[in-house]
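Engineer: So that you have it, the file is final-v8.txt, and it contains compact mmCIF, C-alpha atoms and all ligand atoms:
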```txt
# COMPACT_ATOMS: atom_id res chain seq x y z
CA MET A 1 -28.53 -21.98 17.40
CA THR A 2 -26.73 -18.68 17.04
CA THR A 3 -27.09 -16.84 13.77
CA PHE A 4 -23.94 -15.06 12.65
CA GLN A 5 -24.04 -11.93 10.53
CA MET A 6 -22.08 -11.73 7.29
CA THR A 7 -21.55 -8.73 5.05
CA VAL A 8 -19.50 -7.68 2.05
CA SER A 9 -17.54 -4.51 1.37
CA PRO A 10 -19.98 -2.26 -0.54
CA ASP A 11 -17.48 -1.93 -3.38
CA PHE A 12 -18.60 -5.28 -4.87
CA PRO A 13 -19.95 -5.02 -8.41
CA PRO A 14 -23.80 -5.00 -8.49
CA ASN A 15 -23.85 -8.05 -10.76
CA ARG A 16 -22.34 -10.10 -7.92
CA ILE A 17 -25.23 -9.66 -5.48
CA ALA A 18 -26.74 -13.03 -6.36
CA GLY A 19 -23.25 -14.52 -6.14
CA TRP A 20 -22.90 -13.53 -2.50
CA TYR A 21 -26.23 -15.17 -1.64
CA ILE A 22 -25.12 -18.34 -3.40
CA PHE A 23 -21.83 -18.14 -1.50
CA ASN A 24 -23.65 -17.82 1.82
CA THR A 25 -25.81 -20.86 1.09
CA TRP A 26 -22.68 -22.83 0.26
CA LEU A 27 -20.81 -21.57 3.33
CA GLN A 28 -23.60 -22.57 5.72
CA LYS A 29 -23.73 -26.08 4.22
CA ALA A 30 -19.96 -26.43 4.34
CA THR A 31 -19.58 -25.30 7.94
CA GLY A 32 -22.91 -26.14 9.56
CA LEU A 33 -23.12 -22.56 10.85
CA ASN A 34 -26.19 -20.33 10.65
CA ILE A 35 -25.22 -17.24 8.72
CA HIS A 36 -27.37 -14.31 7.70
CA LEU A 37 -26.11 -12.20 4.80
CA GLU A 38 -26.77 -8.48 5.03
CA LEU A 39 -25.55 -6.39 2.11
CA TYR A 40 -25.10 -2.67 2.58
CA THR A 41 -25.24 -0.39 -0.42
CA ASP A 42 -22.97 2.21 1.14
CA PHE A 43 -19.94 2.34 3.40
CA GLU A 44 -21.78 4.41 6.03
CA GLY A 45 -24.41 1.76 6.62
CA GLN A 46 -21.79 -0.93 6.90
CA ARG A 47 -19.59 1.10 9.20
CA GLN A 48 -22.52 1.68 11.51
CA ALA A 49 -23.23 -2.07 11.64
CA VAL A 50 -19.57 -2.73 12.48
CA GLU A 51 -19.63 -0.04 15.17
CA GLU A 52 -22.65 -1.67 16.77
CA ASP A 53 -20.99 -5.12 16.63
CA ARG A 54 -23.60 -6.42 14.22
CA VAL A 55 -21.02 -8.02 11.89
CA ASP A 56 -19.30 -11.38 12.47
CA ILE A 57 -18.04 -12.24 9.02
CA ILE A 58 -16.97 -9.77 6.38
CA TYR A 59 -15.37 -9.71 2.99
CA ALA A 60 -13.56 -6.41 3.35
CA ASN A 61 -11.37 -4.02 1.40
CA PRO A 62 -7.84 -3.47 2.78
CA TYR A 63 -8.70 -0.23 4.55
CA ASP A 64 -11.65 -1.63 6.44
CA ALA A 65 -9.76 -4.86 7.12
CA ALA A 66 -7.04 -2.83 8.83
CA MET A 67 -9.59 -1.17 11.09
CA LEU A 68 -11.44 -4.43 11.83
CA ILE A 69 -8.23 -6.23 12.80
CA ARG A 70 -6.76 -3.41 14.87
CA GLU A 71 -9.87 -2.12 16.57
CA LYS A 72 -12.44 -4.88 16.53
CA GLY A 73 -10.43 -8.05 17.07
CA PHE A 74 -11.14 -9.54 13.63
CA GLU A 75 -8.81 -12.00 11.95
CA ALA A 76 -8.19 -12.33 8.21
CA LEU A 77 -8.49 -15.96 7.10
CA ALA A 78 -8.31 -15.96 3.32
CA ARG A 79 -8.17 -13.90 0.15
CA PRO A 80 -9.36 -14.60 -3.39
CA LYS A 81 -6.59 -16.35 -5.27
CA GLY A 82 -4.45 -14.08 -7.41
CA LYS A 83 -6.55 -10.94 -6.91
CA VAL A 84 -5.01 -7.66 -5.80
CA ASP A 85 -6.51 -4.23 -5.27
CA GLU A 86 -5.19 -1.47 -7.48
CA ALA A 87 -6.53 1.97 -8.28
CA VAL A 88 -6.49 4.10 -11.44
CA VAL A 89 -6.71 7.86 -11.94
CA VAL A 90 -8.81 8.57 -15.02
CA THR A 91 -9.66 11.58 -17.20
CA ARG A 92 -11.60 12.06 -20.40
CA ALA A 93 -9.73 10.79 -23.44
CA ASP A 94 -9.61 14.32 -24.88
CA ALA A 95 -8.42 15.98 -21.65
CA PRO A 96 -5.38 18.25 -22.02
CA TYR A 97 -3.22 16.18 -19.64
CA ASN A 98 -1.39 12.95 -20.22
CA ALA A 99 0.47 12.44 -16.97
CA VAL A 100 0.08 13.28 -13.29
CA ASP A 101 2.71 16.00 -13.62
CA ASP A 102 0.42 17.89 -16.03
CA LEU A 103 -2.31 18.24 -13.39
CA LYS A 104 -2.93 21.55 -11.62
CA PRO A 105 -4.68 22.61 -8.42
CA GLY A 106 -8.36 23.41 -8.67
CA LEU A 107 -9.36 20.41 -10.78
CA ARG A 108 -12.64 18.65 -10.03
CA LEU A 109 -12.20 15.11 -8.76
CA ALA A 110 -14.96 12.50 -8.60
CA ALA A 111 -14.37 9.82 -5.98
CA THR A 112 -16.52 7.15 -4.40
CA ASN A 113 -16.28 6.73 -0.65
CA ASP A 114 -14.22 3.56 -1.03
CA PRO A 115 -11.47 4.39 1.48
CA ALA A 116 -8.74 2.15 0.05
CA VAL A 117 -9.17 3.50 -3.48
CA TYR A 118 -9.22 7.06 -2.16
CA LEU A 119 -5.89 6.57 -0.34
CA LEU A 120 -4.24 5.05 -3.39
CA GLY A 121 -5.64 7.71 -5.69
CA MET A 122 -4.39 10.53 -3.48
CA MET A 123 -1.00 8.85 -3.19
CA MET A 124 -0.71 8.93 -6.98
CA LEU A 125 -1.61 12.64 -7.19
CA GLU A 126 0.92 13.64 -4.54
CA PRO A 127 3.89 14.02 -6.93
CA ALA A 128 1.93 16.88 -8.55
CA GLU A 129 1.34 18.36 -5.07
CA LEU A 130 -2.39 17.80 -5.29
CA ASP A 131 -4.38 16.96 -2.18
CA ALA A 132 -7.83 17.23 -0.61
CA GLU A 133 -7.24 20.93 0.03
CA ASN A 134 -6.44 22.08 -3.48
CA LEU A 135 -8.84 19.82 -5.42
CA GLN A 136 -12.61 20.13 -5.64
CA ILE A 137 -13.74 16.72 -4.50
CA GLN A 138 -17.13 15.43 -5.46
CA GLN A 139 -18.25 12.30 -3.68
CA VAL A 140 -20.23 9.95 -5.90
CA GLU A 141 -22.16 6.81 -5.10
CA SER A 142 -20.69 4.47 -7.64
CA TYR A 143 -18.01 4.05 -10.28
CA PRO A 144 -20.46 4.27 -13.21
CA ILE A 145 -21.54 7.67 -11.85
CA ALA A 146 -17.91 8.78 -11.65
CA ALA A 147 -17.52 7.78 -15.30
CA LYS A 148 -20.66 9.68 -16.23
CA LEU A 149 -19.39 12.87 -14.58
CA LEU A 150 -16.15 12.61 -16.56
CA LEU A 151 -17.98 12.06 -19.83
CA GLN A 152 -20.36 14.97 -19.18
CA GLY A 153 -17.44 17.25 -18.39
CA GLU A 154 -18.61 17.75 -14.81
CA ALA A 155 -15.44 16.25 -13.36
CA ASP A 156 -11.84 16.46 -14.62
CA LEU A 157 -10.49 13.42 -12.78
CA ALA A 158 -11.87 10.32 -11.14
CA PHE A 159 -10.52 7.52 -8.97
CA PHE A 160 -11.56 3.95 -9.76
CA LEU A 161 -10.86 0.59 -8.31
CA LYS A 162 -9.03 -0.89 -11.28
CA GLU A 163 -11.36 -3.85 -11.38
CA ALA A 164 -14.39 -1.54 -11.50
CA PHE A 165 -12.84 0.55 -14.27
CA ASP A 166 -12.17 -2.56 -16.32
CA LYS A 167 -15.83 -3.52 -15.94
CA LEU A 168 -17.17 -0.31 -17.50
CA SER A 169 -18.56 -0.81 -21.01
CA SER A 170 -15.96 -0.63 -23.75
CA LEU A 171 -17.88 2.31 -25.22
CA THR A 172 -17.37 4.23 -21.97
CA ARG A 173 -13.75 3.21 -21.56
CA GLU A 174 -12.91 4.33 -25.09
CA GLN A 175 -13.87 7.87 -24.15
CA LEU A 176 -11.65 7.84 -21.07
CA LYS A 177 -7.93 7.57 -20.44
CA VAL A 178 -5.94 6.25 -17.52
CA LEU A 179 -3.32 8.75 -16.34
CA VAL A 180 -1.73 6.52 -13.77
CA GLU A 181 -2.31 3.07 -12.38
CA SER A 182 -1.12 1.77 -9.02
CA GLN A 183 1.15 -1.27 -9.12
CA ILE A 184 1.39 -2.29 -5.52
CA GLY A 185 0.54 -5.95 -5.48
CA ASP A 186 0.48 -6.09 -1.67
CA LEU A 187 -3.11 -4.98 -1.05
CA PHE A 188 -6.12 -7.25 -1.37
CA HIS A 189 -9.64 -7.89 -0.12
CA THR A 190 -9.82 -10.44 2.68
CA PHE A 191 -12.37 -12.69 4.31
CA LEU A 192 -12.40 -11.86 8.02
CA VAL A 193 -14.13 -13.23 11.08
CA GLY A 194 -14.91 -11.46 14.33
CA PRO A 195 -14.35 -12.51 17.94
CA ARG A 196 -17.70 -14.28 18.28
CA LEU A 197 -16.55 -16.77 15.64
CA ALA A 198 -13.15 -17.46 17.19
CA GLU A 199 -13.89 -21.10 17.90
CA HIS A 200 -15.11 -21.70 14.33
CA LYS A 201 -12.40 -19.87 12.47
CA GLU A 202 -10.38 -22.93 11.45
CA THR A 203 -13.57 -24.64 10.21
CA LEU A 204 -14.28 -21.59 8.09
CA ARG A 205 -10.72 -21.32 6.82
CA GLU A 206 -10.61 -25.00 5.83
CA ALA A 207 -13.95 -24.71 4.05
CA LEU A 208 -12.74 -21.74 2.02
CA LEU A 209 -9.35 -23.20 1.13
CA HIS A 210 -10.98 -26.38 -0.20
CA MET A 211 -13.95 -24.66 -1.81
CA HIS A 212 -12.72 -25.05 -5.39
CA GLU A 213 -12.44 -28.83 -4.98
CA THR A 214 -16.17 -29.61 -5.15
CA PRO A 215 -18.57 -28.88 -8.03
CA LYS A 216 -20.93 -26.90 -5.76
CA GLY A 217 -18.06 -24.90 -4.33
CA LYS A 218 -16.72 -24.25 -7.80
CA ASP A 219 -20.10 -22.98 -9.00
CA ALA A 220 -20.37 -20.64 -6.03
CA LEU A 221 -16.85 -19.32 -6.69
CA GLU A 222 -17.72 -18.74 -10.31
CA SER A 223 -20.74 -16.68 -9.34
CA LEU A 224 -18.31 -14.40 -7.48
CA GLY A 225 -15.73 -14.34 -10.24
CA PHE A 226 -13.14 -16.04 -8.00
CA GLU A 227 -10.88 -18.97 -8.82
CA GLY A 228 -10.54 -20.05 -5.23
CA TRP A 229 -9.28 -18.81 -1.88
CA GLU A 230 -5.77 -18.73 -0.52
CA ASN A 231 -4.62 -18.53 3.06
CA VAL A 232 -3.75 -15.21 4.71
CA SER A 233 -1.34 -15.41 7.63
CA PRO A 234 -1.39 -12.89 10.49
CA ALA A 235 2.00 -11.63 9.24
CA GLU A 236 0.63 -10.95 5.76
CA ALA A 237 -2.37 -9.17 7.23
CA ASP A 238 -0.06 -7.12 9.46
CA PHE A 239 2.03 -6.10 6.49
CA MET A 240 -1.08 -4.87 4.68
CA ILE A 241 -2.26 -2.97 7.73
CA ASN A 242 1.10 -1.25 8.12
CA LEU A 243 1.03 -0.25 4.49
CA ILE A 244 -2.44 1.26 4.84
CA GLU A 245 -1.43 3.06 8.04
CA ALA A 246 1.56 4.59 6.27
CA LEU A 247 -0.63 5.94 3.47
CA LYS A 248 -3.17 7.58 5.81
CA MET B 1 28.92 -5.19 5.39
CA GLU B 2 31.01 -5.90 2.30
CA ASP B 3 32.39 -3.05 0.23
CA MET B 4 30.58 -2.28 -3.02
CA ARG B 5 32.29 -3.94 -5.98
CA PRO B 6 33.41 -2.16 -9.16
CA GLU B 7 31.97 -4.98 -11.28
CA ASP B 8 28.46 -4.19 -9.99
CA ILE B 9 28.69 -0.52 -10.94
CA VAL B 10 27.21 0.96 -14.10
CA GLY B 11 29.05 4.05 -15.35
CA GLU B 12 31.83 6.17 -13.95
CA TYR B 13 31.98 6.24 -10.16
CA ARG B 14 33.45 8.01 -7.16
CA GLU B 15 34.54 6.26 -4.00
CA TYR B 16 33.45 7.10 -0.44
CA THR B 17 33.88 5.41 2.89
CA LEU B 18 30.75 5.52 5.03
CA THR B 19 30.85 4.88 8.75
CA TYR B 20 27.59 3.58 10.17
CA TYR B 21 25.97 4.02 13.57
CA ASP B 22 27.19 0.61 14.72
CA GLY B 23 30.82 1.60 14.16
CA THR B 24 31.31 -0.48 11.02
CA SER B 25 32.29 1.10 7.76
CA ARG B 26 32.09 0.26 4.09
CA LYS B 27 33.40 1.52 0.79
CA VAL B 28 30.58 2.72 -1.46
CA LEU B 29 30.83 3.47 -5.18
CA VAL B 30 28.60 6.22 -6.46
CA THR B 31 27.52 7.43 -9.91
CA ASP B 32 25.25 10.32 -10.96
CA ILE B 33 22.74 8.08 -12.70
CA GLU B 34 19.19 8.46 -11.44
CA THR B 35 16.65 5.67 -11.74
CA PRO B 36 13.34 7.58 -12.02
CA TYR B 37 10.70 6.61 -9.51
CA PRO B 38 7.98 4.69 -11.40
CA ASP B 39 4.44 6.13 -11.27
CA GLY B 40 1.97 4.29 -9.07
CA LYS B 41 4.49 2.10 -7.25
CA LEU B 42 5.10 1.79 -3.55
CA ILE B 43 8.37 0.55 -2.12
CA VAL B 44 7.72 -1.24 1.14
CA SER B 45 10.07 -2.76 3.66
CA THR B 46 9.90 -3.75 7.29
CA THR B 47 12.73 -4.00 9.80
CA ASP B 48 13.25 -5.29 13.30
CA THR B 49 13.85 -2.80 16.12
CA GLU B 50 17.52 -2.48 15.10
CA GLY B 51 16.77 -1.54 11.50
CA VAL B 52 17.64 -4.95 10.04
CA ILE B 53 15.46 -5.65 6.98
CA THR B 54 12.87 -8.39 7.55
CA HIS B 55 10.60 -7.91 4.52
CA ALA B 56 11.02 -6.31 1.11
CA ASN B 57 8.32 -6.06 -1.56
CA GLN B 58 8.97 -6.48 -5.28
CA ALA B 59 9.23 -2.74 -5.96
CA PHE B 60 11.98 -2.50 -3.33
CA VAL B 61 13.91 -5.29 -4.99
CA ASP B 62 13.48 -3.68 -8.42
CA MET B 63 14.43 -0.16 -7.38
CA SER B 64 17.38 -1.02 -5.13
CA GLY B 65 18.96 -3.39 -7.65
CA TYR B 66 19.60 -6.01 -4.96
CA THR B 67 17.95 -9.43 -4.86
CA ARG B 68 15.55 -10.13 -2.03
CA GLU B 69 18.09 -12.55 -0.56
CA GLU B 70 20.73 -9.82 -0.53
CA LEU B 71 18.40 -7.46 1.33
CA ILE B 72 16.76 -9.61 4.00
CA GLY B 73 18.90 -9.73 7.13
CA GLN B 74 20.96 -6.64 6.18
CA PRO B 75 20.86 -3.32 8.05
CA HIS B 76 18.75 -0.74 6.23
CA TYR B 77 21.81 1.47 5.89
CA ILE B 78 22.71 -0.72 2.91
CA LEU B 79 20.83 2.01 0.97
CA ARG B 80 22.51 5.00 2.61
CA HIS B 81 23.75 7.50 0.07
CA PRO B 82 26.79 9.68 0.88
CA ASP B 83 24.72 12.78 -0.05
CA MET B 84 22.38 12.16 2.89
CA PRO B 85 23.33 13.95 6.12
CA LYS B 86 23.48 11.92 9.33
CA ALA B 87 21.14 14.36 11.04
CA ALA B 88 18.27 13.37 8.74
CA PHE B 89 18.39 9.77 9.93
CA ARG B 90 19.02 10.79 13.53
CA ASP B 91 15.76 12.73 13.39
CA MET B 92 14.06 9.71 11.82
CA TRP B 93 15.24 7.30 14.52
CA GLU B 94 14.33 9.67 17.35
CA THR B 95 10.85 10.07 15.92
CA ILE B 96 10.09 6.40 15.35
CA GLN B 97 11.67 5.23 18.62
CA ALA B 98 9.33 7.68 20.35
CA GLY B 99 6.46 5.75 18.72
CA LYS B 100 5.69 8.39 16.12
CA THR B 101 5.60 8.47 12.32
CA TRP B 102 8.40 10.14 10.36
CA ARG B 103 7.96 11.49 6.86
CA GLY B 104 10.71 12.84 4.70
CA TYR B 105 12.59 12.91 1.42
CA VAL B 106 15.42 10.45 0.94
CA LYS B 107 18.11 9.85 -1.66
CA ASN B 108 18.93 6.16 -1.80
CA LEU B 109 21.97 4.34 -3.14
CA ARG B 110 21.44 1.45 -5.55
CA LYS B 111 23.58 -1.64 -5.85
CA ASP B 112 24.79 -0.38 -9.25
CA GLY B 113 26.03 2.91 -7.76
CA GLY B 114 23.09 4.96 -9.08
CA TYR B 115 20.41 6.55 -6.96
CA TYR B 116 16.64 6.94 -6.64
CA LEU B 117 14.60 9.57 -4.86
CA VAL B 118 11.64 8.88 -2.61
CA TYR B 119 9.17 10.41 -0.23
CA ALA B 120 9.23 8.04 2.72
CA THR B 121 6.91 7.33 5.61
CA VAL B 122 8.55 5.35 8.41
CA MET B 123 6.52 4.16 11.36
CA PRO B 124 6.73 1.83 14.31
CA ASN B 125 4.82 -1.45 14.49
CA PHE B 126 3.38 -2.31 17.87
CA ASP B 127 2.38 -5.57 19.49
CA LYS B 128 -0.90 -5.90 21.40
CA GLN B 129 0.76 -4.61 24.58
CA GLY B 130 1.89 -1.47 22.78
CA ASN B 131 5.59 -2.36 22.56
CA ILE B 132 7.49 -1.47 19.41
CA VAL B 133 8.33 -4.72 17.62
CA GLY B 134 9.72 -3.30 14.38
CA TYR B 135 9.31 -0.60 11.77
CA THR B 136 7.66 -0.26 8.36
CA SER B 137 8.64 2.14 5.63
CA VAL B 138 6.51 2.95 2.60
CA ARG B 139 8.03 5.11 -0.13
CA ARG B 140 6.31 6.81 -3.00
CA LYS B 141 7.16 9.10 -5.84
CA PRO B 142 8.15 12.54 -4.51
CA SER B 143 7.08 15.89 -5.88
CA ARG B 144 10.02 17.19 -7.95
CA ARG B 145 9.93 20.62 -6.35
CA LYS B 146 9.84 19.38 -2.76
CA MET B 147 12.56 16.83 -3.48
CA GLU B 148 14.83 19.54 -4.86
CA GLU B 149 14.24 21.69 -1.80
CA ALA B 150 15.11 18.77 0.45
CA LEU B 151 18.27 17.95 -1.51
CA ALA B 152 19.44 21.56 -1.27
CA LEU B 153 18.87 21.48 2.48
CA TYR B 154 20.71 18.14 2.78
CA ALA B 155 23.70 19.54 0.87
CA LYS B 156 23.92 22.37 3.41
CA MET B 157 23.54 20.03 6.38
CA LEU B 158 26.18 17.73 4.95
CA ALA B 159 28.64 20.60 4.49
CA GLU B 160 28.10 21.59 8.13
CA GLU B 161 28.61 18.02 9.31
CA LYS B 162 31.85 17.82 7.30
CA ALA B 163 33.07 21.14 8.75
CA GLN B 164 32.34 19.92 12.28
CA GLU B 165 34.17 16.66 11.69
CA GLY B 166 37.10 18.69 10.37
CA ARG B 167 37.17 20.71 13.59
CA ALA B 168 36.80 17.69 15.85
C1 LIG A 301 11.90 0.94 8.35
C2 LIG A 301 13.18 1.67 8.03
C3 LIG A 301 13.45 2.04 6.74
C4 LIG A 301 14.64 2.72 6.40
N1 LIG A 301 14.85 3.05 5.10
C5 LIG A 301 16.01 3.65 4.76
C6 LIG A 301 16.28 3.96 3.41
O1 LIG A 301 15.47 3.74 2.51
N2 LIG A 301 17.47 4.55 3.12
C7 LIG A 301 18.39 4.84 4.08
O2 LIG A 301 19.45 5.35 3.74
N3 LIG A 301 18.13 4.57 5.37
C8 LIG A 301 16.98 3.99 5.73
N4 LIG A 301 16.73 3.71 7.07
C9 LIG A 301 17.68 4.23 8.07
C10 LIG A 301 18.85 3.33 8.27
O3 LIG A 301 18.52 2.39 9.26
C11 LIG A 301 20.09 4.13 8.74
O4 LIG A 301 19.79 4.81 9.94
C12 LIG A 301 20.56 5.18 7.73
O5 LIG A 301 20.84 4.57 6.49
C13 LIG A 301 21.80 5.94 8.19
O6 LIG A 301 22.80 5.08 8.58
P1 LIG A 301 23.43 5.15 10.04
O7 LIG A 301 22.28 5.09 10.99
O8 LIG A 301 24.33 4.00 10.14
O9 LIG A 301 24.13 6.48 10.11
C14 LIG A 301 15.57 3.05 7.43
C15 LIG A 301 15.29 2.68 8.74
C16 LIG A 301 14.10 2.00 9.06
C17 LIG A 301 13.83 1.62 10.48
```
So that I can check it, write out the structure of this file as structure tokens.
Ligand SMILES: Cc1cc2nc3c(=O)[nH]c(=O)nc-3n(C[C@H](O)[C@H](O)[C@H](O)COP(=O)(O)O)c2cc1C
Structural biologist:
Amino acid sequence: MTTFQMTVSPDFPPNRIAGWYIFNTWLQKATGLNIHLELYTDFEGQRQAVEEDRVDIIYANPYDAAMLIREKGFEALARPKGKVDEAVVVTRADAPYNAVDDLKPGLRLAATNDPAVYLLGMMMLEPAELDAENLQIQQVESYPIAAKLLLQGEADLAFFLKEAFDKLSSLTREQLKVLVESQIGDLFHTFLVGPRLAEHKETLREALLHMHETPKGKDALESLGFEGWENVSPAEADFMINLIEALK
Amino acid sequence: MEDMRPEDIVGEYREYTLTYYDGTSRKVLVTDIETPYPDGKLIVSTTDTEGVITHANQAFVDMSGYTREELIGQPHYILRHPDMPKAAFRDMWETIQAGKTWRGYVKNLRKDGGYYLVYATVMPNFDKQGNIVGYTSVRRKPSRRKMEEALALYAKMLAEEKAQEGRA
């Protein structure tokens, strides 16, 4: 029996690692498919796996989803109910700026290599005419590290996935301030399947959409912090891709 | 398209008659009230190949002042402001019909006669065979300085267009 490869966008919070293994166990039972879960800690590793066609199922951020659909023949089946991806631009609470318009060229920006968050963050700095050329960009491995750089005064600004910012300790958040927050509502993580799973995609979609109806499914959802899954149509996915393309 | 109605307008207004590319025209009522572009929002719409609106996100509805029902199925020129020169949109259409992405600053007319300013990206959507099946536009908050430069340029272009029409 074929074993399919599943992975998850490396922007998932570390405390959800166990949750994804529980999800995979549930998914295999629900669909009768053999699925191996491979988690990558960084976007590079995952991108390489995608390049080499070593990924069949992926829970992806909007940027990667756009690439997977357009270039690799993936299809988005579902998204976590009610969840959207937004980004925030953050400074230290005592920083001398209170709005994007106060920002000046030359500032030091800490950003993870999450491509969707980077696009949104840059979009929000544009009104102040800031871009990759006139900022000093420091790539960091995780959101907690971005927060640390702000607190230590080694960065002036940082981009966060809103969800990741909200998960920082309240002690950390109290020492930071949000300058601007995206309010897009049209971007979200999706569950996608690749061409090798074409014949099983409706089985997978049905399993996901009914997941919250059984106790086991509910438990697995809880371990991911999801309420359930909702359907994503090709038109909705297209709309998201076009939006991402326009921001590039 | 129906003329704009005085009862929808907030504040004192001026009247213009706009003639659109399809030969139709419409009376528009215009005030000087700006609705500031909200931080962090994106206005998104899609159209068919003729520029008829097929999708509008919530920010579009909020900023334009129209309901979603009033927007879907209407030509995108429903937002055309009399301060925008024709040449700007001609350039846009030539670019996107050639399969390329257009970026530029736009002053848009609201249902209530006011306006809002955006930095817009307009691009074609392709099917799997590479045919253009429609267009998407994503607008964001513009830089003040660049917007002012663009508006000054548009004022000049508009004056030239008016002078040419006068001669014709
Ligand atoms: C995707 C898309 C978005 C557009 N958005 C706007 C807009 O926000 N405001 C606007 O005045 N025209 C917009 N246009 C251009 C209009 O279709 C139209 O060309 C313009 O209003 C000028 O009117 P005219 O072509 O009748 O002269 C858009 C066109 C497309 C294809």
Engineer: Could you check how far atom CA of Glu163 of chain A sits from atom CA of Gly40 of chain B, in Å to one decimal?
Structural biologist: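 Distance between the two atoms: 15.8 Å.
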Engineer: Could you tell me which of A:Ser182, A:Ser9, A:Gln152, A:Asn98 comes closest to chain B if we count all atoms listed in the file?
Structural biologist: A:Ser182
Engineer: Identify, counting all atoms listed in the file, the protein, DNA and RNA residues located within 6 Å of ligand LIG 301 (chain A), and give them as JSON, numbers by chain.
Structural biologist: {"B": [20, 21, 46, 47, 51, 76, 77, 79, 80, 86, 89, 108, 122, 135, 136, 137]}
Engineer: Show me which bits of chain B are within 10 Å of chain A, counting all atoms listed in the file, as a PDB file with C-alpha atoms, in the coordinates of the input.
Structural biologist:
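The resulting file, part03.pdb, is reproduced below:
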```
ATOM      1  CA  PRO B  38       7.980   4.690 -11.400  1.00  0.00           C
ATOM      2  CA  ASP B  39       4.440   6.130 -11.270  1.00  0.00           C
ATOM      3  CA  GLY B  40       1.970   4.290  -9.070  1.00  0.00           C
ATOM      4  CA  LYS B  41       4.490   2.100  -7.250  1.00  0.00           C
ATOM      5  CA  LEU B  42       5.100   1.790  -3.550  1.00  0.00           C
ATOM      6  CA  ILE B  43       8.370   0.550  -2.120  1.00  0.00           C
ATOM      7  CA  VAL B  44       7.720  -1.240   1.140  1.00  0.00           C
ATOM      8  CA  SER B  45      10.070  -2.760   3.660  1.00  0.00           C
ATOM      9  CA  THR B  46       9.900  -3.750   7.290  1.00  0.00           C
ATOM     10  CA  HIS B  55      10.600  -7.910   4.520  1.00  0.00           C
ATOM     11  CA  ASN B  57       8.320  -6.060  -1.560  1.00  0.00           C
ATOM     12  CA  GLN B  58       8.970  -6.480  -5.280  1.00  0.00           C
ATOM     13  CA  ALA B  59       9.230  -2.740  -5.960  1.00  0.00           C
ATOM     14  CA  THR B 101       5.600   8.470  12.320  1.00  0.00           C
ATOM     15  CA  TRP B 102       8.400  10.140  10.360  1.00  0.00           C
ATOM     16  CA  ARG B 103       7.960  11.490   6.860  1.00  0.00           C
ATOM     17  CA  TYR B 119       9.170  10.410  -0.230  1.00  0.00           C
ATOM     18  CA  ALA B 120       9.230   8.040   2.720  1.00  0.00           C
ATOM     19  CA  THR B 121       6.910   7.330   5.610  1.00  0.00           C
ATOM     20  CA  VAL B 122       8.550   5.350   8.410  1.00  0.00           C
ATOM     21  CA  MET B 123       6.520   4.160  11.360  1.00  0.00           C
ATOM     22  CA  PRO B 124       6.730   1.830  14.310  1.00  0.00           C
ATOM     23  CA  ASN B 125       4.820  -1.450  14.490  1.00  0.00           C
ATOM     24  CA  LYS B 128      -0.900  -5.900  21.400  1.00  0.00           C
ATOM     25  CA  TYR B 135       9.310  -0.600  11.770  1.00  0.00           C
ATOM     26  CA  THR B 136       7.660  -0.260   8.360  1.00  0.00           C
ATOM     27  CA  SER B 137       8.640   2.140   5.630  1.00  0.00           C
ATOM     28  CA  VAL B 138       6.510   2.950   2.600  1.00  0.00           C
ATOM     29  CA  ARG B 139       8.030   5.110  -0.130  1.00  0.00           C
ATOM     30  CA  ARG B 140       6.310   6.810  -3.000  1.00  0.00           C
ATOM     31  CA  LYS B 141       7.160   9.100  -5.840  1.00  0.00           C
ATOM     32  CA  PRO B 142       8.150  12.540  -4.510  1.00  0.00           C
ATOM     33  CA  SER B 143       7.080  15.890  -5.880  1.00  0.00           C
ATOM     34  CA  ARG B 144      10.020  17.190  -7.950  1.00  0.00           C
ATOM     35  CA  ARG B 145       9.930  20.620  -6.350  1.00  0.00           C
ATOM     36  CA  LYS B 146       9.840  19.380  -2.760  1.00  0.00           C
ATOM     37  CA  MET B 147      12.560  16.830  -3.480  1.00  0.00           C
TER      38      MET B 147
END
```
Engineer: Could you tell me how far atom CA of Lys83 of chain A lies from atom CA of His189 of chain A, in Å and to one decimal?
Structural biologist: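 Going from atom CA of Lys83 of chain A over to atom CA of His189 of chain A, I get 8.1 Å.
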Engineer: Could you check the closest approach to Pro14 of chain A for each of A:Ala207, A:Ala235, A:Leu37, A:Ala164 and tell me which residue wins, using only C-alpha atoms?
Structural biologist: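 Closest to Pro14 of chain A, using only C-alpha atoms: A:Ala164.
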Engineer: If I take atom CA of Gly73 of chain B and atom CA of Asn231 of chain A, how far is one from the other in Å, to one decimal?
Structural biologist: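 Going from atom CA of Gly73 of chain B over to atom CA of Asn231 of chain A, I get 25.4 Å.
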Engineer: With all atoms listed in the file as the counted atoms, please give the residues lying no more than 10 Å from segment 6-12 of chain B, apart from itself and same-chain residues fewer than 2 positions off, as a list of chain:residue names.
Structural biologist: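 Counting only the stated atoms, we get B:Asp3, B:Met4, B:Arg14, B:Glu15, B:Val28, B:Leu29, B:Val30, B:Thr31, B:Asp32, B:Ile33, B:Gly65, B:Arg110, B:Lys111, B:Asp112, B:Gly113, B:Gly114.
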Engineer: Compile the contact shell of Arg26 of chain B as a ChimeraX atom specification: residues with an atom at most 7 Å away, counting all atoms listed in the file, same-chain residues fewer than 4 positions apart removed.
Structural biologist: /B:1-3,17-19
Engineer: With distances taken over only C-alpha atoms, which residue among A:Asn113, A:Asn24, A:Gln139, A:Asn61 lies nearest Phe188 of chain A?
Structural biologist: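 Looking only at the distances to Phe188 of chain A, the closest residue turns out to be A:Asn61.
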